[in-house]
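Next comes entry11.txt, with compact mmCIF, C-alpha atoms and all ligand atoms.
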# COMPACT_ATOMS: atom_id res chain seq x y z
CA MET F 396 -24.67 -15.48 16.22
CA THR F 397 -25.03 -11.69 16.53
CA GLN F 398 -24.34 -9.66 13.40
CA ARG F 399 -21.17 -7.59 13.75
CA ARG F 400 -21.69 -3.85 13.16
CA PRO F 401 -19.78 -2.28 10.24
CA ILE F 402 -16.21 -1.20 10.98
CA ARG F 403 -16.01 2.62 11.14
CA VAL F 404 -13.03 3.98 9.23
CA GLY F 405 -11.58 7.51 9.17
CA ILE F 406 -9.29 8.61 6.34
CA MET F 407 -6.72 11.39 6.43
CA GLY F 408 -5.51 12.18 2.90
CA PHE F 409 -8.16 11.71 0.18
CA GLY F 410 -5.73 11.26 -2.70
CA GLN F 411 -5.40 8.24 -4.96
CA THR F 412 -5.11 5.80 -2.03
CA GLY F 413 -7.77 7.50 0.10
CA ARG F 414 -10.25 7.44 -2.79
CA GLN F 415 -9.47 3.80 -3.55
CA ILE F 416 -10.09 2.92 0.11
CA TYR F 417 -13.38 4.83 -0.02
CA GLN F 418 -14.52 3.05 -3.21
CA LEU F 419 -13.58 -0.37 -1.83
CA ALA F 420 -15.44 0.36 1.41
CA ALA F 421 -18.52 1.52 -0.52
CA ALA F 422 -18.51 -1.78 -2.43
CA SER F 423 -18.11 -3.83 0.77
CA ASP F 424 -20.74 -4.85 3.30
CA ASP F 425 -18.59 -4.57 6.43
CA LEU F 426 -16.83 -1.19 6.25
CA GLU F 427 -18.06 2.38 6.52
CA VAL F 428 -16.01 5.52 5.95
CA VAL F 429 -17.39 8.01 8.46
CA ALA F 430 -14.94 10.95 8.27
CA ILE F 431 -12.34 12.24 5.82
CA ALA F 432 -9.69 14.90 6.50
CA ASP F 433 -7.86 16.55 3.61
CA ILE F 434 -6.45 19.95 2.67
CA GLY F 435 -8.61 19.87 -0.47
CA LYS F 436 -12.02 21.53 -0.77
CA PRO F 437 -15.01 19.14 -0.47
CA GLU F 438 -16.28 20.10 -3.97
CA ILE F 439 -12.94 19.23 -5.55
CA LEU F 440 -12.50 15.99 -3.60
CA HIS F 441 -16.00 14.95 -4.71
CA TYR F 442 -15.23 15.92 -8.30
CA LEU F 443 -12.03 13.83 -8.29
CA LEU F 444 -13.85 10.82 -6.82
CA CYS F 445 -16.58 11.02 -9.48
CA SER F 446 -14.07 11.40 -12.30
CA GLU F 447 -12.55 7.99 -11.52
CA GLY F 448 -15.36 5.46 -11.11
CA SER F 449 -17.58 3.90 -13.72
CA ASP F 450 -20.67 5.08 -11.81
CA PRO F 451 -20.13 8.73 -10.74
CA GLU F 452 -23.82 9.08 -9.83
CA GLN F 453 -23.35 6.87 -6.78
CA HIS F 454 -21.35 9.58 -4.94
CA ARG F 455 -23.25 12.70 -3.86
CA LEU F 456 -21.98 15.76 -2.05
CA GLU F 457 -24.57 16.88 0.50
CA GLY F 458 -23.15 19.95 2.24
CA ASN F 459 -19.93 18.71 3.79
CA PHE F 460 -20.91 15.05 3.58
CA LEU F 461 -19.90 12.60 0.91
CA VAL F 462 -22.81 10.21 0.57
CA ASN F 463 -23.25 6.86 -1.16
CA HIS F 464 -25.80 4.05 -0.92
CA ARG F 465 -24.10 2.67 2.23
CA PHE F 466 -22.67 5.51 4.31
CA ARG F 467 -22.21 9.24 4.89
CA ALA F 468 -18.66 10.52 5.38
CA ARG F 469 -18.03 13.97 6.86
CA LEU F 470 -15.41 15.91 4.85
CA MET F 471 -13.17 18.16 6.96
CA GLU F 472 -10.68 20.67 5.56
CA ILE F 473 -7.91 19.92 8.05
CA ASP F 474 -4.17 19.68 7.60
CA ARG F 475 -2.78 18.29 10.88
CA PRO F 476 -3.63 15.09 12.77
CA ALA F 477 -3.74 17.10 16.01
CA GLU F 478 -6.72 19.06 14.64
CA MET F 479 -8.94 16.22 13.50
CA PRO F 480 -11.62 15.33 16.11
CA TRP F 481 -11.87 11.60 15.42
CA ASP F 482 -13.73 11.01 18.69
CA ILE F 483 -16.85 12.77 17.33
CA PHE F 484 -17.18 10.12 14.64
CA GLY F 485 -16.60 7.02 16.78
CA VAL F 486 -13.98 5.62 14.40
CA ASP F 487 -12.49 2.16 14.92
CA MET F 488 -9.40 2.95 12.88
CA VAL F 489 -7.89 5.88 11.01
CA ILE F 490 -5.91 5.33 7.83
CA ASP F 491 -3.35 8.09 7.29
CA SER F 492 -2.80 8.22 3.53
CA THR F 493 -1.34 11.72 3.32
CA GLY F 494 2.23 10.40 3.02
CA LYS F 495 3.17 13.40 5.18
CA TYR F 496 2.73 12.11 8.71
CA ARG F 497 4.95 9.08 9.11
CA ASP F 498 6.47 9.84 12.54
CA ARG F 499 5.32 8.34 15.79
CA ARG F 500 4.45 11.77 17.21
CA TYR F 501 1.83 12.37 14.49
CA MET F 502 0.39 8.92 15.04
CA GLU F 503 0.14 9.83 18.72
CA ASP F 504 -1.80 12.95 17.68
CA HIS F 505 -4.33 10.77 15.84
CA LEU F 506 -4.66 8.53 18.91
CA GLY F 507 -4.93 11.54 21.20
CA ASN F 508 -7.90 12.75 19.15
CA GLY F 509 -9.91 9.65 19.80
CA THR F 510 -9.11 6.90 17.31
CA PRO F 511 -8.24 3.60 19.00
CA ARG F 512 -5.77 2.81 16.18
CA VAL F 513 -3.98 4.47 13.31
CA LEU F 514 -2.77 2.70 10.19
CA LEU F 515 -0.13 4.28 7.94
CA ARG F 516 -0.56 3.88 4.20
CA THR F 517 3.21 3.80 3.87
CA LEU F 518 6.35 2.89 5.82
CA PRO F 519 7.00 4.80 9.05
CA THR F 520 10.08 6.91 9.67
CA ASP F 521 10.60 5.65 13.22
CA GLY F 522 9.52 2.90 15.60
CA ILE F 523 5.84 2.06 15.73
CA ASP F 524 3.97 -0.92 17.20
CA ARG F 525 3.89 -3.16 14.16
CA ILE F 526 4.33 -3.49 10.39
CA VAL F 527 1.71 -5.93 9.14
CA ILE F 528 2.02 -7.37 5.64
CA PRO F 529 -1.05 -9.47 4.80
CA GLY F 530 0.03 -12.85 3.50
CA ILE F 531 3.19 -12.84 5.62
CA ASN F 532 2.95 -11.81 9.24
CA GLU F 533 -0.66 -11.08 10.17
CA GLN F 534 -0.32 -13.71 12.92
CA SER F 535 2.05 -11.34 14.74
CA ALA F 536 -0.66 -8.67 15.18
CA THR F 537 -2.19 -8.27 18.64
CA ALA F 538 -5.20 -6.35 19.91
CA ASN F 539 -2.79 -4.15 21.88
CA ASP F 540 -1.23 -2.66 18.70
CA ARG F 541 -2.10 1.02 18.29
CA MET F 542 0.35 2.44 15.71
CA ILE F 543 0.50 0.22 12.67
CA SER F 544 1.84 0.35 9.13
CA ALA F 545 0.90 -1.96 6.27
CA GLY F 546 4.22 -1.22 4.54
CA SER F 547 4.13 0.25 1.05
CA ALA F 548 2.95 -1.34 -2.18
CA THR F 549 6.56 -1.94 -3.24
CA THR F 550 7.71 -3.30 0.13
CA SER F 551 4.74 -5.68 0.28
CA ALA F 552 5.39 -6.98 -3.23
CA LEU F 553 9.08 -7.48 -2.45
CA ALA F 554 8.44 -9.18 0.90
CA LEU F 555 5.82 -11.51 -0.61
CA LEU F 556 8.25 -12.56 -3.35
CA PHE F 557 11.10 -13.27 -0.92
CA ASP F 558 8.82 -14.98 1.59
CA SER F 559 7.48 -17.29 -1.15
CA LEU F 560 10.92 -18.24 -2.44
CA ALA F 561 12.80 -18.42 0.87
CA GLY F 562 11.02 -21.59 2.02
CA HIS F 563 12.35 -23.44 -1.03
CA PHE F 564 15.69 -21.92 -2.02
CA GLU F 565 18.71 -20.57 -0.18
CA ILE F 566 18.92 -16.89 -1.15
CA GLU F 567 22.39 -15.48 -0.41
CA CYS F 568 21.66 -11.88 -1.44
CA GLY F 569 19.74 -9.90 -4.03
CA SER F 570 18.77 -6.57 -5.47
CA MET F 571 15.48 -5.00 -6.43
CA THR F 572 14.65 -2.18 -8.79
CA THR F 573 11.07 -1.02 -8.94
CA VAL F 574 10.17 0.49 -12.29
CA HIS F 575 7.59 2.77 -10.74
CA ALA F 576 4.73 4.88 -12.08
CA PHE F 577 5.33 8.55 -11.30
CA THR F 578 3.83 9.80 -8.03
CA SER F 579 2.06 13.06 -7.17
CA ASP F 580 5.06 14.36 -5.22
CA GLN F 581 7.13 14.54 -8.45
CA ALA F 582 7.24 17.68 -10.60
CA LEU F 583 5.62 17.52 -14.07
CA GLN F 584 8.08 20.11 -15.39
CA ASP F 585 11.67 20.70 -14.29
CA TYR F 586 11.21 22.37 -10.91
CA ALA F 587 13.79 22.87 -8.17
CA GLY F 588 13.06 20.54 -5.26
CA SER F 589 15.09 19.04 -2.44
CA ASP F 590 16.62 16.34 -4.64
CA PHE F 591 18.56 16.84 -7.91
CA ARG F 592 17.10 14.10 -10.08
CA ARG F 593 13.60 14.40 -8.63
CA SER F 594 13.64 18.06 -9.69
CA ARG F 595 13.41 16.86 -13.29
CA SER F 596 10.19 16.44 -15.23
CA ALA F 597 8.34 13.23 -14.29
CA ALA F 598 6.46 13.40 -17.60
CA LYS F 599 9.49 12.99 -19.81
CA ASN F 600 12.22 11.19 -17.88
CA ILE F 601 13.27 7.89 -16.37
CA ILE F 602 14.32 9.15 -12.94
CA PRO F 603 16.66 7.02 -10.79
CA ASN F 604 15.57 7.16 -7.18
CA SER F 605 16.46 5.58 -3.85
CA HIS F 606 14.01 3.13 -2.27
CA GLU F 607 13.67 2.43 1.44
CA ALA F 608 12.20 -1.09 1.17
CA ALA F 609 15.61 -2.58 2.03
CA LEU F 610 15.64 -0.72 5.34
CA TRP F 611 12.43 -2.39 6.45
CA LEU F 612 12.61 -5.82 4.82
CA GLY F 613 14.58 -7.15 7.81
CA ASN F 614 11.77 -6.02 10.11
CA ILE F 615 9.35 -8.23 8.16
CA LEU F 616 11.71 -11.06 7.16
CA PRO F 617 14.68 -10.98 9.58
CA GLN F 618 16.72 -13.51 7.57
CA PHE F 619 17.13 -10.92 4.80
CA ASP F 620 18.28 -8.07 6.99
CA GLY F 621 21.17 -6.32 5.20
CA LYS F 622 21.21 -8.79 2.29
CA ILE F 623 19.06 -6.96 -0.24
CA LEU F 624 19.63 -3.63 -1.99
CA THR F 625 16.68 -1.65 -3.32
CA SER F 626 16.27 1.26 -5.72
CA ALA F 627 13.65 2.76 -8.01
CA LEU F 628 13.32 4.10 -11.53
CA ASN F 629 10.33 6.44 -11.74
CA VAL F 630 9.02 6.39 -15.30
CA PRO F 631 6.44 8.43 -17.28
CA VAL F 632 3.66 5.90 -16.73
CA GLN F 633 0.64 6.90 -14.66
CA GLU F 634 -0.18 3.50 -13.12
CA GLY F 635 1.28 0.02 -13.05
CA CYS F 636 4.65 -0.83 -11.48
CA LEU F 637 7.22 -3.55 -12.18
CA LEU F 638 9.45 -5.22 -9.60
CA ASP F 639 12.72 -6.34 -11.17
CA VAL F 640 14.55 -8.63 -8.72
CA ASN F 641 17.93 -10.35 -9.07
CA LEU F 642 18.68 -13.20 -6.67
CA VAL F 643 21.97 -14.92 -5.93
CA LEU F 644 21.09 -18.46 -4.89
CA GLY F 645 23.14 -20.95 -2.88
CA ASP F 646 22.16 -23.90 -5.08
CA ALA F 647 23.34 -23.85 -8.71
CA SER F 648 20.82 -26.55 -9.70
CA VAL F 649 17.83 -24.17 -9.36
CA ASP F 650 16.50 -23.09 -12.74
CA ALA F 651 13.79 -20.69 -13.97
CA ASP F 652 11.16 -23.44 -14.14
CA ALA F 653 11.70 -24.35 -10.48
CA VAL F 654 11.25 -20.71 -9.44
CA ASN F 655 8.07 -20.41 -11.51
CA GLU F 656 6.63 -23.57 -9.96
CA VAL F 657 7.22 -22.23 -6.45
CA MET F 658 5.47 -18.98 -7.35
CA ARG F 659 2.51 -20.85 -8.86
CA ALA F 660 2.18 -22.75 -5.58
CA ALA F 661 2.43 -19.47 -3.63
CA ALA F 662 -0.38 -17.99 -5.74
CA ALA F 663 -2.55 -21.04 -5.07
CA ALA F 664 -1.84 -20.74 -1.33
CA LYS F 665 -2.50 -16.99 -1.16
CA PRO F 666 -5.34 -16.24 -3.59
CA GLY F 667 -6.27 -12.56 -3.78
CA ILE F 668 -2.78 -11.54 -2.68
CA ILE F 669 -0.36 -13.29 -5.08
CA GLY F 670 -1.08 -14.22 -8.70
CA VAL F 671 0.95 -15.52 -11.64
CA ALA F 672 0.68 -14.07 -15.14
CA GLU F 673 1.38 -16.69 -17.80
CA ASP F 674 0.61 -14.27 -20.68
CA PRO F 675 3.07 -11.68 -22.03
CA ILE F 676 1.52 -8.74 -20.15
CA VAL F 677 2.66 -5.08 -20.01
CA SER F 678 2.14 -2.42 -17.34
CA SER F 679 -1.33 -1.24 -18.38
CA ASP F 680 -2.60 -4.81 -18.04
CA VAL F 681 -2.07 -4.67 -14.27
CA ILE F 682 -4.21 -1.54 -13.75
CA GLY F 683 -7.19 -2.47 -11.59
CA SER F 684 -5.53 -5.54 -10.11
CA PRO F 685 -6.34 -6.01 -6.40
CA LEU F 686 -3.34 -8.36 -5.98
CA SER F 687 -0.22 -7.31 -4.07
CA LEU F 688 2.08 -9.27 -6.39
CA LEU F 689 1.48 -10.54 -9.92
CA PHE F 690 4.47 -12.72 -10.72
CA ASP F 691 5.43 -12.78 -14.41
CA ALA F 692 6.32 -16.37 -15.31
CA LYS F 693 7.69 -15.31 -18.72
CA GLY F 694 10.11 -12.91 -17.04
CA THR F 695 12.18 -15.46 -15.11
CA ILE F 696 15.69 -15.99 -16.50
CA LYS F 697 18.92 -17.49 -15.22
CA ALA F 698 22.41 -16.07 -15.69
CA GLY F 699 25.59 -18.04 -14.92
CA ASN F 700 25.37 -20.65 -12.16
CA ASN F 701 23.53 -18.89 -9.39
CA THR F 702 21.76 -15.75 -10.54
CA ILE F 703 18.03 -15.72 -11.18
CA LYS F 704 16.15 -12.66 -12.37
CA THR F 705 12.40 -12.31 -11.85
CA LEU F 706 9.73 -9.79 -12.86
CA SER F 707 6.54 -9.07 -10.90
CA TRP F 708 3.77 -6.49 -11.37
CA TYR F 709 1.72 -4.50 -8.88
CA GLU F 710 -0.31 -1.33 -8.60
CA ASN F 711 -1.71 0.91 -5.89
CA LEU F 712 -5.17 -0.70 -5.79
CA GLY F 713 -3.62 -3.90 -4.42
CA HIS F 714 -2.14 -1.90 -1.58
CA ALA F 715 -5.44 -0.13 -0.83
CA SER F 716 -7.07 -3.57 -0.66
CA ARG F 717 -4.41 -4.79 1.81
CA LEU F 718 -4.91 -1.71 3.99
CA LEU F 719 -8.54 -2.73 4.39
CA ASP F 720 -7.48 -6.34 5.07
CA VAL F 721 -5.45 -4.94 7.98
CA VAL F 722 -8.44 -2.92 9.22
CA ARG F 723 -10.53 -6.12 9.19
CA LEU F 724 -7.77 -8.09 10.90
CA TYR F 725 -7.76 -5.73 13.90
CA ALA F 726 -11.57 -5.71 14.09
CA THR F 727 -11.43 -9.51 14.34
CA LEU F 728 -8.77 -9.35 17.06
CA ASP F 729 -10.93 -6.89 19.00
CA ALA F 730 -13.98 -9.14 18.65
CA GLN F 731 -11.97 -12.14 19.86
CA LYS F 732 -10.67 -10.16 22.84
CA GLU F 733 -14.18 -9.03 23.69
CA ALA F 734 -15.53 -12.57 23.48
CA ALA F 735 -12.72 -14.05 25.64
N1 LIG K 801 0.75 6.11 -5.14
C1 LIG K 801 1.93 5.54 -5.12
O1 LIG K 801 2.31 4.79 -6.01
C2 LIG K 801 2.88 5.81 -3.98
C3 LIG K 801 4.07 5.11 -3.95
C4 LIG K 801 4.94 5.32 -2.91
C5 LIG K 801 4.62 6.22 -1.93
N2 LIG K 801 3.44 6.87 -1.97
C6 LIG K 801 3.18 7.82 -0.89
O2 LIG K 801 1.92 7.61 -0.29
C7 LIG K 801 1.25 8.85 -0.16
C8 LIG K 801 -0.21 8.63 -0.50
O3 LIG K 801 -0.27 8.14 -1.82
P1 LIG K 801 -1.32 8.68 -2.84
O4 LIG K 801 -0.97 8.11 -4.15
O5 LIG K 801 -2.69 8.48 -2.30
O6 LIG K 801 -0.92 10.23 -2.82
P2 LIG K 801 -1.81 11.49 -3.29
O7 LIG K 801 -0.84 12.60 -3.47
O8 LIG K 801 -2.71 11.13 -4.40
O9 LIG K 801 -2.73 11.79 -2.01
C9 LIG K 801 -2.31 12.47 -0.87
C10 LIG K 801 -3.54 13.19 -0.32
O10 LIG K 801 -3.20 13.70 0.96
C11 LIG K 801 -3.65 15.05 1.03
N3 LIG K 801 -2.79 15.75 1.95
C12 LIG K 801 -1.54 16.17 1.74
N4 LIG K 801 -1.07 16.81 2.83
C13 LIG K 801 -2.07 16.79 3.73
C14 LIG K 801 -2.20 17.31 5.05
N5 LIG K 801 -1.21 17.95 5.64
N6 LIG K 801 -3.37 17.14 5.69
C15 LIG K 801 -4.41 16.49 5.10
N7 LIG K 801 -4.33 15.99 3.84
C16 LIG K 801 -3.18 16.14 3.17
C17 LIG K 801 -3.58 15.58 -0.39
O11 LIG K 801 -4.44 16.69 -0.58
C18 LIG K 801 -4.01 14.37 -1.18
O12 LIG K 801 -5.40 14.34 -1.34
C19 LIG K 801 1.92 9.84 -1.10
O13 LIG K 801 2.15 11.07 -0.46
C20 LIG K 801 3.23 9.21 -1.43
O14 LIG K 801 4.28 9.87 -0.70
C21 LIG K 801 2.56 6.70 -2.98
As structure tokens:
Amino acid sequence: MTQRRPIRVGIMGFGQTGRQIYQLAAASDDLEVVAIADIGKPEILHYLLCSEGSDPEQHRLEGNFLVNHRFRARLMEIDRPAEMPWDIFGVDMVIDSTGKYRDRRYMEDHLGNGTPRVLLRTLPTDGIDRIVIPGINEQSATANDRMISAGSATTSALALLFDSLAGHFEIECGSMTTVHAFTSDQALQDYAGSDFRRSRSAAKNIIPNSHEAALWLGNILPQFDGKILTSALNVPVQEGCLLDVNLVLGDASVDADAVNEVMRAAAAAKPGIIGVAEDPIVSSDVIGSPLSLLFDAKGTIKAGNNTIKTLSWYENLGHASRLLDVVRLYATLDAQKEAA
């Protein structure tokens, strides 16, 4: 069998997610990051990368190239997809992790500049070719997909929980609150923004926030369309998020133990994506977890006849890992198409 060449990845937005993707690719043997676009200066992007890992020496800045033992990535100070010449770098896929360019027209700009595919780090704002959530619907992906999203970390965690439970229990409706680490688009001090509560200091407040996962859950799991409400509480924690989900079940005989057993089976069926914590963990314990969903068996409780409450943990690294799973998925589809 011929050895497949490494998959060539471009990144737009070298923030927390972009850097995690880069570090994961550097530690892999099948992915290369060949170009990075960001509004930040190369020296500062390099500095931020080195400040995070346990081995800062492995990342060198050589002119405008970020170099490690496996690949050289060209850093470009560019702020619009329409300006980034992906064709020069022969990329197989671009991951847009700016959080700014979620419309179809910007994805078209990436494609127009020579990437065969673009993958959004977050949910889109309008119709794209496909939302792929590893562990749920990767079978739906086709080699013809060009504009793709891998959902968001929260949406993936929510969808994986509902997908795992739905095969065993009738879920009439539910609600989710993500107790979410603050994000870089929040103000550290009170600072007038476009939203009242989000104008308050992220460092000292629990900030109630809307969450769009409910809008897209039906796209991934049609049976839950319109049945689930979602919201967020952004809290002064830097990393580590908690999904608090209340479910109204059709069968009053279901208890907390039955729900935990189903989630243990889901973790066994989807290793690397779902896990179950049996210990009494807290948010900092989930930092560094590459899972998309870490179900908390101690957090399951039942109220009245039909209401079950569950807790699950997740963090951004799990989502960065899934983004690369999606990159690999499309490389496999391309290889299969080529071989056919
Ligand atoms: N990290 C989370 O927990 C989380 C949760 C929900 C949503 N998100 C969204 O996902 C996005 C990415 O997440 P992140 O944590 O990596 O964010 P981040 O803020 O750490 O990184 C964003 C990066 O994109 C760059 N960027 C911004 N505008 C750009 C432009 N016009 N052109 C090129 N580069 C640009 C920034 O310089 C930064 O390096 C965020 O913007 C956020 O809206 C993140």
Q.
If we count all atoms listed in the file and set the cut-off at 7 Å, which residues sit around Phe577 (chain F), ignoring sequence neighbours fewer than 3 positions away in its own chain? Please answer as a list in words.
A.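 So, after excluding close chain neighbours, the residues are Gln581, Ala597, Asn629, Val630, Pro631, Val632 and Gln633 of chain F.
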Closest-contact table, chain F side, partner ligand LIG 801 (chain K), 6 Å, counting only C-alpha atoms and all ligand atoms, as CSV:
residue,atom,partner,partner_atom,distance
F:Met407,CA,K:LIG801,C15,5.8
F:Gly408,CA,K:LIG801,O10,3.4
F:Phe409,CA,K:LIG801,O12,4.1
F:Gly410,CA,K:LIG801,O9,3.1
F:Gln411,CA,K:LIG801,O5,3.8
F:Thr412,CA,K:LIG801,O5,3.6
F:Gly413,CA,K:LIG801,O5,5.7
F:Ala432,CA,K:LIG801,C15,5.7
F:Asp433,CA,K:LIG801,N7,3.6
F:Ile434,CA,K:LIG801,N7,4.6
F:Gly435,CA,K:LIG801,O11,5.2
F:Ile473,CA,K:LIG801,C15,5.7
F:Asp474,CA,K:LIG801,N6,3.3
F:Arg475,CA,K:LIG801,N6,5.3
F:Ser492,CA,K:LIG801,C8,4.8
F:Thr493,CA,K:LIG801,O10,3.6
F:Gly494,CA,K:LIG801,O13,3.5
F:Lys495,CA,K:LIG801,N4,5.9
F:Thr517,CA,K:LIG801,O2,5.8
F:Thr578,CA,K:LIG801,C1,5.5
F:Ser579,CA,K:LIG801,O7,4.7
F:Asn711,CA,K:LIG801,O1,5.6
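With distances taken over all atoms listed in the file, F:Gly448 is the one residue among F:Gly448, F:Gly645, F:Pro437, F:Gly458 lying closest to Gln418 (chain F).
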**Q.** Best match for closeness to Ala545 (chain F) among F:Ser605, F:Asn701, F:Asn508, F:Ser716, counting only C-alpha atoms
**A.**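 Of F:Ser605, F:Asn701, F:Asn508, F:Ser716, the one nearest Ala545 (chain F), counting only C-alpha atoms, is F:Ser716.
Shortest atom-to-atom contact with Asp491 (chain F) among F:Ala598, F:Leu518, F:Leu456, F:Leu419: F:Leu518, counting only C-alpha atoms.
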(Q) Please determine, counting all atoms listed in the file, which residue among F:Ala538, F:Leu644, F:Gly405, F:Asp580 has the shortest atom-to-atom distance to Lys697 (chain F). (A)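 Ranked by minimum distance to Lys697 (chain F), first place goes to F:Leu644.
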Q.
With distances taken over only C-alpha atoms, which residue among F:Met502, F:Ala561, F:Val513, F:Asp620 lies nearest Leu718 (chain F)?
A. F:Val513
Q) Rounded to one decimal in Å, what is the spacing between CA of Ala609 (chain F) and CA of Asp720 (chain F)? A) 23.6 Å
Q. So, counting only C-alpha atoms, which residue among F:Leu506, F:Ala627, F:Leu556, F:Ile431 is closest to Val671 (chain F)?
A.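 The closest residue to Val671 (chain F) is F:Leu556.
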Q. Please, which residues are within 9 Å of (-1.7, 15.0, 17.8) by the file's coordinates, counting only C-alpha atoms, and could they come as a PyMOL selection string?
A. chain F and resi 475-479+500-508
Q) Between CA of Thr537 (chain F) and CA of Leu555 (chain F), what is the spacing in Å? A)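 That distance, rounded to one decimal, is 21.1 Å.
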Q) Leu426 (chain F): which residues within 7 Å, counting only C-alpha atoms, same-chain residues fewer than 3 positions away excluded, as a ChimeraX atom specification? A) /F:401-403,420,423
(Q) Would you compute the distance between CA of Gly694 (chain F) and CA of Thr549 (chain F)? Give it in Å to one decimal. (A)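 Those two atoms sit 18.0 Å apart.
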Q.
With 12 Å as the threshold, what does the neighbourhood of (0.3, -19.6, 1.2) contain in terms of residues, counting all atoms listed in the file? Coordinates are those of the file; answer as a list in words.
A. Pro529, Gly530, Ile531, Asn532, Leu555, Leu556, Asp558, Ser559, Leu560, Gly562, Val657, Met658, Arg659, Ala660, Ala661, Ala662, Ala663, Ala664, Lys665, Pro666, Gly667, Ile668, Ile669 and Gly670 of chain F
